[in-house]
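Reproduced below: target-v4.cif, with mmCIF, C-alpha atoms.
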```cif
data_my_file
loop_
_atom_site.label_atom_id
_atom_site.label_comp_id
_atom_site.auth_asym_id
_atom_site.auth_seq_id
_atom_site.Cartn_x
_atom_site.Cartn_y
_atom_site.Cartn_z
CA MET A 1 88.26 112.74 7.41
CA SER A 2 91.78 112.17 8.66
CA GLN A 3 93.00 108.59 8.69
CA GLY A 4 95.09 109.37 11.77
CA ILE A 5 98.42 107.70 12.46
CA LYS A 6 99.55 104.16 13.16
CA VAL A 7 101.28 103.28 16.42
CA ILE A 8 102.38 99.98 17.87
CA LEU A 9 100.60 99.78 21.21
CA ASN A 10 101.61 96.88 23.45
CA GLY A 11 102.82 95.07 20.35
CA CYS A 12 99.63 95.56 18.31
CA GLU A 13 99.05 98.07 15.55
CA GLU A 14 96.50 100.73 16.44
CA ARG A 15 95.23 103.70 14.48
CA VAL A 16 94.95 106.84 16.60
CA SER A 17 94.29 110.51 15.96
CA LYS A 18 97.18 112.72 14.93
CA GLY A 19 98.39 114.55 18.04
CA ALA A 20 97.36 111.74 20.38
CA THR A 21 99.16 111.73 23.73
CA ILE A 22 100.16 108.95 26.10
CA LEU A 23 97.10 109.88 28.15
CA ASP A 24 94.89 109.31 25.09
CA LEU A 25 96.44 105.88 24.54
CA LEU A 26 95.84 104.93 28.17
CA ALA A 27 92.20 105.97 27.74
CA LEU A 28 91.97 103.98 24.52
CA LEU A 29 92.87 100.82 26.45
CA ASN A 30 90.75 101.81 29.48
CA GLU A 31 93.93 101.66 31.50
CA ASN A 32 93.52 103.41 34.84
CA ASP A 33 96.48 101.99 36.74
CA GLN A 34 98.77 104.92 37.53
CA HIS A 35 101.60 102.61 38.49
CA LEU A 36 102.34 101.22 35.07
CA ILE A 37 105.70 101.71 33.44
CA VAL A 38 105.09 103.61 30.20
CA GLU A 39 107.67 103.16 27.47
CA HIS A 40 107.63 105.31 24.34
CA ASN A 41 110.17 104.34 21.67
CA ASP A 42 112.28 102.59 24.34
CA MET A 43 112.20 105.64 26.64
CA PHE A 44 110.56 105.66 30.06
CA ILE A 45 107.85 108.32 30.30
CA PRO A 46 107.06 109.66 33.77
CA LEU A 47 103.48 110.17 34.90
CA SER A 48 103.89 113.95 34.77
CA LYS A 49 104.47 113.80 30.99
CA TYR A 50 101.51 111.61 30.02
CA ALA A 51 99.33 114.55 28.98
CA SER A 52 102.02 116.33 26.98
CA ARG A 53 103.86 113.46 25.32
CA ILE A 54 102.59 113.23 21.74
CA VAL A 55 103.08 110.09 19.70
CA ALA A 56 104.00 110.11 16.02
CA ASP A 57 103.28 107.78 13.14
CA GLY A 58 105.20 104.50 13.55
CA ASP A 59 105.98 105.03 17.24
CA SER A 60 105.97 102.16 19.68
CA VAL A 61 104.30 102.48 23.09
CA GLU A 62 104.14 99.87 25.81
CA PHE A 63 102.37 99.81 29.14
CA VAL A 64 104.19 97.46 31.48
CA ASN A 65 103.37 96.25 34.95
CA PRO A 66 106.32 96.52 37.35
CA ASN A 67 107.69 93.22 38.62
CA LEU A 68 107.73 93.13 42.40
CA GLY A 69 108.18 89.43 43.16
CA GLY A 70 111.39 87.94 44.43
CA MET B 1 147.95 87.31 47.07
CA LEU B 2 145.84 84.24 46.57
CA ASN B 3 146.97 81.01 48.18
CA ALA B 4 147.11 77.73 46.25
CA THR B 5 143.63 76.65 47.30
CA GLU B 6 142.12 79.98 46.28
CA LYS B 7 143.90 79.81 42.94
CA GLN B 8 142.26 76.45 42.37
CA ARG B 9 138.86 77.57 43.64
CA TYR B 10 138.72 80.66 41.45
CA LEU B 11 140.64 79.17 38.51
CA ARG B 12 137.91 79.77 35.92
CA GLN B 13 137.59 83.41 36.98
CA LEU B 14 141.34 83.95 37.10
CA ILE B 15 141.56 82.78 33.49
CA MET B 16 139.24 85.60 32.44
CA PRO B 17 141.24 88.63 31.26
CA GLU B 18 138.65 90.92 32.86
CA ILE B 19 139.30 89.35 36.25
CA SER B 20 142.76 87.70 36.69
CA GLU B 21 144.37 87.95 40.14
CA THR B 22 143.92 91.70 40.23
CA GLY B 23 140.18 91.49 39.72
CA GLN B 24 139.83 88.56 42.07
CA ALA B 25 141.48 90.65 44.77
CA LYS B 26 138.88 93.37 44.16
CA ILE B 27 136.07 90.84 44.44
CA GLY B 28 137.65 89.55 47.64
CA LYS B 29 137.60 93.03 49.15
CA ALA B 30 133.97 93.70 48.25
CA SER B 31 131.04 93.63 50.65
CA VAL B 32 127.52 92.96 49.44
CA PHE B 33 124.23 93.52 51.21
CA ILE B 34 121.45 91.16 50.15
CA ALA B 35 117.95 91.73 51.45
CA GLY B 36 115.13 89.44 50.62
CA ILE B 37 113.23 86.32 51.16
CA GLY B 38 114.57 83.71 48.87
CA GLY B 39 113.86 83.28 45.17
CA LEU B 40 116.36 85.91 44.09
CA ARG B 41 118.48 85.65 47.21
CA SER B 42 119.08 81.92 46.90
CA ILE B 43 120.84 82.60 43.63
CA SER B 44 122.48 85.93 44.39
CA ALA B 45 123.88 84.83 47.76
CA SER B 46 125.19 81.62 46.22
CA TYR B 47 126.90 83.33 43.29
CA MET B 48 128.34 86.11 45.44
CA THR B 49 129.72 83.58 47.91
CA ALA B 50 131.00 81.25 45.21
CA ALA B 51 132.69 84.11 43.32
CA GLY B 52 134.76 84.92 46.39
CA VAL B 53 133.11 88.15 47.50
CA GLY B 54 134.84 89.05 50.76
CA ARG B 55 131.75 89.69 52.81
CA VAL B 56 128.13 88.80 52.15
CA ARG B 57 125.56 90.24 54.53
CA LEU B 58 122.14 88.61 54.34
CA VAL B 59 119.10 90.02 56.05
CA VAL B 60 116.02 87.87 56.21
CA ARG B 61 113.59 86.99 58.93
CA ASP B 62 111.15 84.27 57.97
CA ARG B 63 111.23 80.48 57.97
CA VAL B 64 111.48 77.98 55.16
CA GLU B 65 108.06 76.86 53.89
CA LEU B 66 107.13 74.10 51.49
CA SER B 67 105.74 76.64 49.01
CA ASN B 68 109.17 78.35 48.84
CA LEU B 69 110.97 75.41 47.34
CA ASN B 70 110.02 75.84 43.67
CA ARG B 71 112.33 78.86 43.46
CA GLN B 72 114.33 79.22 46.69
CA ILE B 73 116.80 76.55 45.72
CA MET B 74 119.16 77.21 48.58
CA HIS B 75 116.66 75.48 50.87
CA TYR B 76 115.78 71.79 50.72
CA THR B 77 112.82 69.77 51.95
CA PRO B 78 114.45 68.88 55.30
CA ASP B 79 114.91 72.63 55.93
CA ILE B 80 111.16 73.29 56.17
CA GLY B 81 110.48 75.10 59.44
CA LYS B 82 114.08 76.25 59.86
CA GLY B 83 114.92 79.94 59.99
CA LYS B 84 116.07 81.02 56.56
CA THR B 85 119.17 82.66 57.98
CA ARG B 86 120.24 79.36 59.54
CA SER B 87 119.45 77.36 56.43
CA ALA B 88 121.32 79.88 54.25
CA GLU B 89 124.30 79.99 56.57
CA GLU B 90 124.63 76.21 56.51
CA LYS B 91 124.71 76.06 52.73
CA LEU B 92 126.85 79.12 52.09
CA ARG B 93 129.50 78.24 54.68
CA GLN B 94 129.87 74.87 53.02
CA LEU B 95 129.98 76.48 49.59
CA ASN B 96 132.84 78.81 50.43
CA PRO B 97 134.31 78.89 53.94
CA GLY B 98 136.58 81.73 52.85
CA CYS B 99 133.68 84.15 52.53
CA GLN B 100 132.78 86.21 55.57
CA LEU B 101 129.09 85.53 55.92
CA GLU B 102 126.84 87.68 58.06
CA ALA B 103 123.31 86.32 58.25
CA ILE B 104 121.05 88.62 60.24
CA GLN B 105 117.50 87.71 61.16
CA VAL B 106 115.66 91.03 61.49
CA SER B 107 113.04 93.03 59.69
CA ILE B 108 114.45 95.92 57.70
CA THR B 109 113.01 99.22 58.83
CA ARG B 110 113.69 102.77 57.82
CA GLU B 111 115.09 103.44 61.27
CA ASP B 112 117.76 100.76 61.21
CA VAL B 113 118.52 100.26 57.52
CA ILE B 114 121.53 102.57 57.43
CA ASP B 115 123.21 100.70 60.26
CA LEU B 116 122.37 97.37 58.65
CA VAL B 117 123.82 98.35 55.27
CA ARG B 118 126.75 100.49 56.44
CA GLY B 119 130.08 99.01 55.40
CA CYS B 120 128.70 97.33 52.28
CA ASP B 121 129.66 98.45 48.78
CA LEU B 122 126.37 97.69 47.09
CA ILE B 123 122.85 96.46 47.69
CA LEU B 124 121.44 93.49 45.82
CA ASP B 125 117.66 93.64 45.88
CA ALA B 126 116.02 90.30 46.52
CA THR B 127 112.84 91.53 48.13
CA ASP B 128 109.27 90.86 47.12
CA ASN B 129 107.60 94.16 47.95
CA TRP B 130 107.77 97.84 47.20
CA GLY B 131 108.00 99.01 50.82
CA THR B 132 111.33 97.30 51.49
CA ARG B 133 112.70 98.41 48.13
CA LYS B 134 111.88 101.99 49.05
CA ILE B 135 113.78 101.60 52.34
CA LEU B 136 116.77 100.06 50.53
CA ASN B 137 116.69 102.88 47.98
CA PHE B 138 116.85 105.32 50.86
CA ALA B 139 119.92 103.53 52.25
CA ALA B 140 121.62 103.39 48.86
CA ILE B 141 121.18 107.13 48.37
CA ALA B 142 122.21 107.99 51.91
CA LEU B 143 125.35 105.84 51.72
CA GLN B 144 126.00 106.61 48.03
CA ILE B 145 126.24 102.99 46.97
CA PRO B 146 124.60 101.21 44.01
CA PHE B 147 121.24 99.54 44.37
CA ILE B 148 120.73 96.70 41.90
CA TYR B 149 117.02 96.12 41.51
CA GLY B 150 115.59 92.77 40.51
CA GLY B 151 111.95 91.76 40.31
CA VAL B 152 109.98 88.80 39.03
CA ASN B 153 106.38 88.12 38.07
CA GLY B 154 105.59 84.76 36.53
CA PHE B 155 107.49 84.51 33.25
CA SER B 156 108.59 88.17 33.47
CA GLY B 157 111.57 89.77 35.11
CA MET B 158 113.21 93.18 35.49
CA VAL B 159 116.70 94.33 36.40
CA ALA B 160 118.15 97.83 36.79
CA PHE B 161 121.35 99.33 38.16
CA PHE B 162 120.61 102.44 40.18
CA ARG B 163 123.61 104.53 41.14
CA PRO B 164 123.07 107.59 43.35
CA GLN B 165 123.84 110.92 41.69
CA LYS B 166 124.54 109.23 38.35
CA THR B 167 121.28 107.55 37.41
CA ALA B 168 117.61 107.62 38.15
CA CYS B 169 116.62 105.92 41.40
CA ILE B 170 113.77 103.49 41.79
CA GLU B 171 111.52 106.25 43.15
CA CYS B 172 112.13 108.32 40.02
CA ILE B 173 110.31 105.53 38.22
CA PHE B 174 107.61 104.89 40.83
CA PRO B 175 107.05 108.17 42.70
CA ASP B 176 104.05 106.86 44.60
CA GLY B 177 105.13 103.25 44.64
CA PRO B 178 103.32 100.59 42.65
CA ASN B 179 100.34 98.81 44.11
CA GLU B 180 101.36 95.95 46.36
CA PRO B 181 99.75 92.72 45.16
CA ALA B 182 96.84 91.69 47.38
CA VAL B 183 97.57 87.99 46.89
CA PRO B 184 100.85 86.11 46.35
CA ILE B 185 102.07 86.50 42.79
CA GLY B 186 103.25 83.65 40.61
CA VAL B 187 107.01 83.21 40.29
CA LEU B 188 108.66 80.79 37.90
CA GLY B 189 111.78 79.50 39.65
CA PRO B 190 114.10 79.80 36.63
CA MET B 191 112.99 83.39 36.05
CA ALA B 192 114.00 84.28 39.62
CA GLY B 193 117.29 82.51 38.90
CA LEU B 194 117.84 84.42 35.68
CA VAL B 195 117.08 87.81 37.21
CA ALA B 196 119.32 87.17 40.22
CA ALA B 197 122.14 85.91 37.98
CA LEU B 198 121.92 89.09 35.89
CA GLN B 199 122.02 91.18 39.08
CA CYS B 200 125.16 89.26 40.12
CA ILE B 201 126.84 89.92 36.79
CA GLU B 202 126.23 93.63 37.26
CA ALA B 203 127.50 93.42 40.86
CA ILE B 204 130.73 91.69 39.86
CA LYS B 205 131.27 94.17 37.02
CA HIS B 206 130.92 96.98 39.53
CA MET B 207 133.49 95.34 41.83
CA LEU B 208 135.87 95.03 38.89
CA GLY B 209 135.40 98.66 37.92
CA LEU B 210 133.58 97.79 34.70
CA GLU B 211 130.68 100.00 33.74
CA SER B 212 127.22 98.55 34.18
CA SER B 213 125.26 97.97 31.00
CA LEU B 214 122.12 98.77 32.96
CA MET B 215 123.04 102.26 34.18
CA ASN B 216 119.84 104.25 33.66
CA ARG B 217 118.30 101.32 31.85
CA LEU B 218 115.56 98.97 32.91
CA LEU B 219 116.05 95.51 31.47
CA ARG B 220 112.71 93.82 30.83
CA ILE B 221 112.68 90.10 30.24
CA ASP B 222 109.75 88.15 28.88
CA GLY B 223 110.39 84.44 29.24
CA ARG B 224 107.38 83.48 27.12
CA ASN B 225 108.88 84.87 23.95
CA MET B 226 112.50 85.13 25.16
CA SER B 227 112.64 88.86 24.61
CA PHE B 228 115.13 91.10 26.41
CA LYS B 229 114.35 94.81 26.06
CA LYS B 230 116.02 97.81 27.64
CA THR B 231 114.07 100.92 28.55
CA GLN B 232 116.04 104.14 28.83
CA LEU B 233 115.43 105.82 32.19
CA THR B 234 115.92 109.44 33.16
CA ARG B 235 116.24 111.06 36.55
CA ASN B 236 113.17 112.79 37.84
CA LYS B 237 114.28 116.27 38.86
CA ASP B 238 111.41 116.37 41.35
CA CYS B 239 112.10 112.95 42.83
CA ASN B 240 111.51 113.02 46.58
CA ALA B 241 114.20 110.43 47.14
CA CYS B 242 117.18 111.50 45.06
CA SER B 243 116.70 115.03 43.76
CA GLY B 244 116.27 118.59 44.84
CA GLY B 245 114.95 119.32 48.31
CA GLY B 246 114.07 115.74 48.94
CA ASN B 247 117.61 114.41 49.33
CA TYR B 248 118.13 111.82 52.00
CA HIS B 249 121.12 112.36 54.18
CA VAL B 250 123.12 110.70 56.90
CA THR B 251 124.90 112.45 59.72
CA GLY B 252 127.62 111.19 62.06
CA ASN B 253 128.09 107.53 62.71
CA LYS B 254 124.50 106.75 63.45
CA SER B 255 121.75 106.88 60.93
CA ASP B 256 119.59 109.91 60.62
CA PRO B 257 116.96 108.71 58.22
CA GLN B 258 115.12 111.92 57.82
CA ARG B 259 114.50 113.91 54.73
CA MET B 260 115.99 117.37 54.45
#
```
Any chance you could put this one into structure tokens?
Amino acid sequence: MSQGIKVILNGCEERVSKGATILDLLALLNENDQHLIVEHNDMFIPLSKYASRIVADGDSVEFVNPNLGG
Amino acid sequence: MLNATEKQRYLRQLIMPEISETGQAKIGKASVFIAGIGGLRSISASYMTAAGVGRVRLVVRDRVELSNLNRQIMHYTPDIGKGKTRSAEEKLRQLNPGCQLEAIQVSITREDVIDLVRGCDLILDATDNWGTRKILNFAAIALQIPFIYGGVNGFSGMVAFFRPQKTACIECIFPDGPNEPAVPIGVLGPMAGLVAALQCIEAIKHMLGLESSLMNRLLRIDGRNMSFKKTQLTRNKDCNACSGGGNYHVTGNKSDPQRM
């Protein structure tokens, strides 16, 4: 059985399946908010790419709430 | 040419090789539009006025409340109940009488935003909601001027420099707009101060002709662990606001805030 790959998800190490996408990582965290800022290796990922963006071993992914206060 | 008083007032800026008298003259010719309610605006309006920006246009409509004072440091306890425009005008005119201050007490709407912003070189965001940011983004794109976003949430803050045609716009990042908070969000006063100060640095760099370090980058600040991270942004080719068939446009002297 594959050991999968390691990614840093919101600062914590997680083991996920090889070929996992941003959408898979959102599901892993039960994250349903479509208004999060998704950052993959310091790059902003738009909503339209969540299903196709594949993460690799050692990648860093963050889900960030936008700051609206002033 | 600066007079003797101005040379004294701006001495510490004139010493800077990036500014000198040439740069100070550029700052003096600049016009800034600041929209917002107070935490960010207290700082940005103060720094813009103090730096010698030629014209500062403030648009705000509400009154000073006790719960504002932890972060809106332009207003003091005796100002409670006063219109924020009046309170701001009093402080800023005392701070720098040489700055042309335009304090306007209206709500910003999509219909009048172009006329409100017209004549300004950049927009400093000091709002607390997505709806007004979307309207300001529209104006920035229509008038082809930079929109410097700033936002705060508790110990967190964000800053980005959006420049029409050259960078992503705020709607490239949030096509549907984020959810508006149902209840007031927490804001740490110093975080609002930090975010607004960073916005001002970017604004002054723009006036001086220096490239922004936040072009197509979202600066994310976490005050709990003192981390500053930049996220690389890219334009959304399908963005309704700034790309393709969704371009905003302005015709004639009056605003025409429709989408083509």
Contacts from chain A to chain B, 10 Å maximum, all atoms listed in the file: show me the residue list as a PyMOL selection string.
chain A and resi 33-48+64-70
Restrict the selected residues to C-alpha atoms and save them as a PDB file, keeping the file's coordinate frame.
```pdb
ATOM      1  CA  ASP A  33      96.480 101.990  36.740  1.00  0.00           C
ATOM      2  CA  GLN A  34      98.770 104.920  37.530  1.00  0.00           C
ATOM      3  CA  HIS A  35     101.600 102.610  38.490  1.00  0.00           C
ATOM      4  CA  LEU A  36     102.340 101.220  35.070  1.00  0.00           C
ATOM      5  CA  ILE A  37     105.700 101.710  33.440  1.00  0.00           C
ATOM      6  CA  VAL A  38     105.090 103.610  30.200  1.00  0.00           C
ATOM      7  CA  GLU A  39     107.670 103.160  27.470  1.00  0.00           C
ATOM      8  CA  HIS A  40     107.630 105.310  24.340  1.00  0.00           C
ATOM      9  CA  ASN A  41     110.170 104.340  21.670  1.00  0.00           C
ATOM     10  CA  ASP A  42     112.280 102.590  24.340  1.00  0.00           C
ATOM     11  CA  MET A  43     112.200 105.640  26.640  1.00  0.00           C
ATOM     12  CA  PHE A  44     110.560 105.660  30.060  1.00  0.00           C
ATOM     13  CA  ILE A  45     107.850 108.320  30.300  1.00  0.00           C
ATOM     14  CA  PRO A  46     107.060 109.660  33.770  1.00  0.00           C
ATOM     15  CA  LEU A  47     103.480 110.170  34.900  1.00  0.00           C
ATOM     16  CA  SER A  48     103.890 113.950  34.770  1.00  0.00           C
ATOM     17  CA  VAL A  64     104.190  97.460  31.480  1.00  0.00           C
ATOM     18  CA  ASN A  65     103.370  96.250  34.950  1.00  0.00           C
ATOM     19  CA  PRO A  66     106.320  96.520  37.350  1.00  0.00           C
ATOM     20  CA  ASN A  67     107.690  93.220  38.620  1.00  0.00           C
ATOM     21  CA  LEU A  68     107.730  93.130  42.400  1.00  0.00           C
ATOM     22  CA  GLY A  69     108.180  89.430  43.160  1.00  0.00           C
ATOM     23  CA  GLY A  70     111.390  87.940  44.430  1.00  0.00           C
TER      24      GLY A  70
END
```
Run the PyMOL selection byres ((chain A and resi 15-31) around 9) on the file and write out the hits as a count of residues only.
27
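The space between CA of Gly209 (chain B) and CA of Tyr47 (chain B) spans 18.3 Å.
Nearest-residue note for Asn225 (chain B): choosing from B:Gly54, B:Phe155, B:Asp112, B:Ala25, the minimum distance belongs to B:Phe155, counting all atoms listed in the file.
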One-decimal distance in Å that lies between CA of Leu116 (chain B) and CA of Thr22 (chain B)
28.9 Å
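Within the 9 Å cut-off around region 199-202 of chain B, using all atoms listed in the file and omitting residues fewer than 4 positions from it on the same chain, the listed residues are Ile43, Ser44, Ala45, Tyr47, Met48, Leu124, Asp125, Ile148, Tyr149, Gly150, Val159, Ala160, Phe161, Leu194, Val195, His206, Met207, Leu210, Glu211, Ser212, Ser213 and Leu214 of chain B.
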What's the 6 Å shell around Asp121 (chain B), counting all atoms listed in the file, without same-chain residues fewer than 6 positions away, as an MDAnalysis selection string?
chainID B and resid 31:32 145
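The two atoms in question, CA of Gln165 (chain B) and CA of Ala142 (chain B), are spaced 10.8 Å apart.
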File output, region 58-75 of chain B (N, CA and C atoms) as a compact mmCIF listing (two decimals), in the first residue's frame:
```txt
# COMPACT_ATOMS: atom_id res chain seq x y z
N LEU B 58 -11.27 62.54 1.95
CA LEU B 58 -11.80 61.53 2.87
C LEU B 58 -13.29 61.40 2.65
N VAL B 59 -13.75 60.18 2.55
CA VAL B 59 -15.19 59.97 2.46
C VAL B 59 -15.63 59.04 3.56
N VAL B 60 -16.48 59.53 4.41
CA VAL B 60 -16.96 58.76 5.55
C VAL B 60 -18.29 59.36 5.96
N ARG B 61 -19.14 58.54 6.59
CA ARG B 61 -20.45 59.11 6.87
C ARG B 61 -20.91 58.94 8.32
N ASP B 62 -20.29 58.10 9.09
CA ASP B 62 -20.87 57.86 10.41
C ASP B 62 -20.29 58.75 11.50
N ARG B 63 -20.72 58.50 12.72
CA ARG B 63 -20.32 59.33 13.86
C ARG B 63 -19.37 58.55 14.77
N VAL B 64 -18.63 59.31 15.55
CA VAL B 64 -17.67 58.69 16.47
C VAL B 64 -18.43 58.00 17.60
N GLU B 65 -18.07 56.73 17.84
CA GLU B 65 -18.68 55.98 18.94
C GLU B 65 -17.58 55.53 19.90
N LEU B 66 -18.00 55.29 21.13
CA LEU B 66 -17.04 54.87 22.16
C LEU B 66 -16.27 53.62 21.73
N SER B 67 -16.99 52.70 21.08
CA SER B 67 -16.34 51.43 20.70
C SER B 67 -15.36 51.59 19.54
N ASN B 68 -15.27 52.78 18.96
CA ASN B 68 -14.30 53.03 17.88
C ASN B 68 -12.90 53.31 18.43
N LEU B 69 -12.84 53.75 19.68
CA LEU B 69 -11.63 54.44 20.13
C LEU B 69 -10.43 53.54 20.40
N ASN B 70 -10.62 52.22 20.41
CA ASN B 70 -9.45 51.35 20.61
C ASN B 70 -8.53 51.35 19.40
N ARG B 71 -9.05 51.75 18.24
CA ARG B 71 -8.25 51.67 17.01
C ARG B 71 -8.32 52.94 16.16
N GLN B 72 -9.37 53.72 16.32
CA GLN B 72 -9.54 54.92 15.48
C GLN B 72 -8.92 56.11 16.22
N ILE B 73 -7.59 56.14 16.22
CA ILE B 73 -6.89 57.02 17.15
C ILE B 73 -6.88 58.48 16.72
N MET B 74 -7.54 58.77 15.63
CA MET B 74 -7.71 60.18 15.26
C MET B 74 -8.79 60.83 16.13
N HIS B 75 -9.69 60.02 16.65
CA HIS B 75 -10.80 60.53 17.45
C HIS B 75 -10.53 60.29 18.93
```
